[in-house]
Amino acid sequence: MIRFDSVTKRYPDGTTAVDDLSFEVGEGELVTLVGPSGCGKTTTMMMVNRLIDPTHGQVWVDGADVAGVDPVALRRRIGYVIQQTGLFPHRTVLDNTATVPFLSGWKKARARERAAELLDLVGLDPAVHGSRYPDQLSGGQRQRVGVARALAADPPVLLMDEPFGAVDPVVRDRLQKEFLRLQAGLHKTVLLVTHDIEEAIRLGDRIAVYGAGRIEQYDTPASVLGAPATSYVAEFVGTDRALKQLSVTGIDRGDLEHPPLVRLGEPAADAGRRLRAEGARWAVVLDEDGALHGWAATEELAGVPGTVAGHARRMEAWVPVTGTLKAAFSEMLKHDAGWIAVLDGHRFLGVLTPTTLHEALRRTIGSDARGVPRERAEVDSVPTE
Ligand SMILES: Nc1ncnc2c1ncn2[C@@H]1O[C@H](COP(=O)(O)OP(=O)(O)OP(=O)(O)O)[C@@H](O)[C@H]1O
């Protein structure tokens, strides 16, 4: 969808901001450009919508060299979100959001209707916020309007330059989550500039790690963390890359342990005898449909009347098999549990323990790093009672 072909940008004062850059962003892909200040990220992005023209090389969008496309027409097909939102202070939030449809000649009523839908989509109530002016919103709300406005003409491509940079960490976290959810439904082709490696990892399907004017590594978050291509990248992603890896590494069925299982309706004494014979101190308890109920201690089952149901304890610490190691680890901490169940829908698959989590993490560092689709990452998994 977007392709850079040996692109160099040299500014008139001789600064080479981007040096012989080649990379491609697939349709529906979210690529984050990350690197220290001044390494050429913004210059790269601005060459996509022709706010800057390359000195050498070509930038292609949807099969066309942008050098031959009228910049105004090009920009209507490319949403642009910047940190300072660039909202018009004297226009209402609704009219700010409707800017591009207005410019594209839509009837006012239809453009406003569309703007209201988009405000709703980004979590703002058009009836409450639509008639306000930008300075009557919080920073986070202004960022949302910026995103809504960029989406207004339903562009296939979105450019986002530090879109969540101007808000505090709590709001940023929420906006990032909301944006991932939105993107999971919209599948825009997105280039997002950030200097924050955590943000790049969290949002990107792929990450381009910039050194001065060049991409040092272009790969999935799991691979950038698991196998940094150069010592520069290793240093940039940080010494705690193993911890960051937790949030991008999926649970592997091969990592699960399989403790003994007993059924709720089974006679307790039988279950106790069986577990003792196996040398097991406890067992996972499933209900009659094979869904997780909890656990039971061998010594509390052995020799007692009734069924397992009378002696089982509830256990709510679980994650879906589609979750991440981070989700698994945080559930374990939240429940202060020594193990958590891994479920496929309602079906019990096995458990993760601190030891198996550690092994899973070690496996991903340096070798077969495998990612988890963005929209699946960090799903809240434990239902409240
Ligand atoms: N108009 C200009 N004239 C001369 N040099 C420029 C111009 N714009 C940018 N530069 C230089 O080009 C280099 C790359 O700038 P760019 O804004 O692309 O970096 P960046 O990675 O986006 O940085 P930041 O994270 O600080 O925004 C820098 O050295 C910058 O000083």
# chains A, B, ... in the order shown; residues from 1 in each chain; ligands from 1
call {"tool": "closest_atom_pairs", "arguments": {"of": "region 144-200 of chain A", "to": "region 213-236 of chain A", "cutoff": "12 Å", "atoms": "only C-alpha atoms", "output": "JSON lines"}}
result
{"residue": "A:His195", "atom": "CA", "partner": "A:Phe236", "partner_atom": "CA", "distance": 10.3}
{"residue": "A:Asp196", "atom": "CA", "partner": "A:Phe236", "partner_atom": "CA", "distance": 10.0}
{"residue": "A:Ile197", "atom": "CA", "partner": "A:Phe236", "partner_atom": "CA", "distance": 7.9}
{"residue": "A:Glu198", "atom": "CA", "partner": "A:Pro221", "partner_atom": "CA", "distance": 9.9}
{"residue": "A:Glu199", "atom": "CA", "partner": "A:Pro221", "partner_atom": "CA", "distance": 10.6}
{"residue": "A:Ala200", "atom": "CA", "partner": "A:Pro221", "partner_atom": "CA", "distance": 7.9}
call {"tool": "closest_atom_pairs", "arguments": {"of": "region 185-206 of chain A", "to": "region 16-32 of chain A", "cutoff": "8 Å", "atoms": "only C-alpha atoms", "output": "Markdown table"}}
result
| residue | atom | partner | partner_atom | distance |
| --- | --- | --- | --- | --- |
| A:His187 | CA | A:Gly28 | CA | 4.5 |
| A:Lys188 | CA | A:Gly28 | CA | 4.7 |
| A:Thr189 | CA | A:Gly28 | CA | 4.3 |
| A:Val190 | CA | A:Leu30 | CA | 4.6 |
| A:Leu191 | CA | A:Val31 | CA | 5.1 |
| A:Leu192 | CA | A:Thr32 | CA | 4.7 |
| A:Val193 | CA | A:Thr32 | CA | 5.7 |
| A:Thr194 | CA | A:Thr32 | CA | 7.0 |
| A:Ala200 | CA | A:Thr32 | CA | 5.4 |
| A:Leu203 | CA | A:Thr32 | CA | 7.2 |
| A:Gly204 | CA | A:Val31 | CA | 5.0 |
| A:Asp205 | CA | A:Leu30 | CA | 5.3 |
| A:Arg206 | CA | A:Val31 | CA | 5.0 |
call {"tool": "residues_around", "arguments": {"residues": "Leu325 (chain A)", "least_positions_apart": "3", "cutoff": "7 Å", "atoms": "only C-alpha atoms", "output": "ChimeraX atom specification"}}
result
/A:246-247,249-251,328-329
call {"tool": "closest_atom_pairs", "arguments": {"of": "chain A", "to": "ligand 1", "cutoff": "10 Å", "atoms": "only C-alpha atoms and all ligand atoms", "output": "tab-separated table"}}
result
residue	atom	partner	partner_atom_place_in_ligand_line	distance
A:Lys9	CA	ligand 1	12 (O)	8.5
A:Arg10	CA	ligand 1	5 (N)	7.9
A:Tyr11	CA	ligand 1	4 (C)	4.8
A:Pro12	CA	ligand 1	3 (N)	6.5
A:Asp13	CA	ligand 1	4 (C)	5.8
A:Gly14	CA	ligand 1	4 (C)	7.4
A:Thr15	CA	ligand 1	5 (N)	5.4
A:Thr16	CA	ligand 1	12 (O)	6.4
A:Ala17	CA	ligand 1	12 (O)	4.0
A:Val18	CA	ligand 1	14 (C)	7.1
A:Leu33	CA	ligand 1	21 (O)	8.7
A:Val34	CA	ligand 1	21 (O)	7.9
A:Gly35	CA	ligand 1	21 (O)	6.4
A:Pro36	CA	ligand 1	25 (O)	5.9
A:Ser37	CA	ligand 1	26 (O)	3.5
A:Gly38	CA	ligand 1	19 (O)	3.4
A:Cys39	CA	ligand 1	21 (O)	3.8
A:Gly40	CA	ligand 1	18 (O)	3.2
A:Lys41	CA	ligand 1	21 (O)	3.9
A:Thr42	CA	ligand 1	22 (O)	3.6
A:Thr43	CA	ligand 1	18 (O)	3.6
A:Thr44	CA	ligand 1	18 (O)	6.4
A:Met45	CA	ligand 1	18 (O)	8.1
A:Met46	CA	ligand 1	18 (O)	8.4
A:Ile52	CA	ligand 1	1 (N)	9.1
A:Asp161	CA	ligand 1	22 (O)	8.3
A:Glu162	CA	ligand 1	27 (O)	8.4
A:Val193	CA	ligand 1	22 (O)	7.5
A:Thr194	CA	ligand 1	25 (O)	7.0
A:His195	CA	ligand 1	25 (O)	5.8
A:Asp196	CA	ligand 1	25 (O)	9.5
A:Tyr210	CA	ligand 1	21 (O)	7.9
A:Gly211	CA	ligand 1	21 (O)	9.0
A:Ala212	CA	ligand 1	14 (C)	8.1
A:Gly213	CA	ligand 1	14 (C)	7.0
call {"tool": "select_by_dssp", "arguments": {"residues": "region 302-339 of chain A", "states": "helix (DSSP H, G or I)", "output": "PyMOL selection string"}}
result
chain A and resi 308-310+325-334
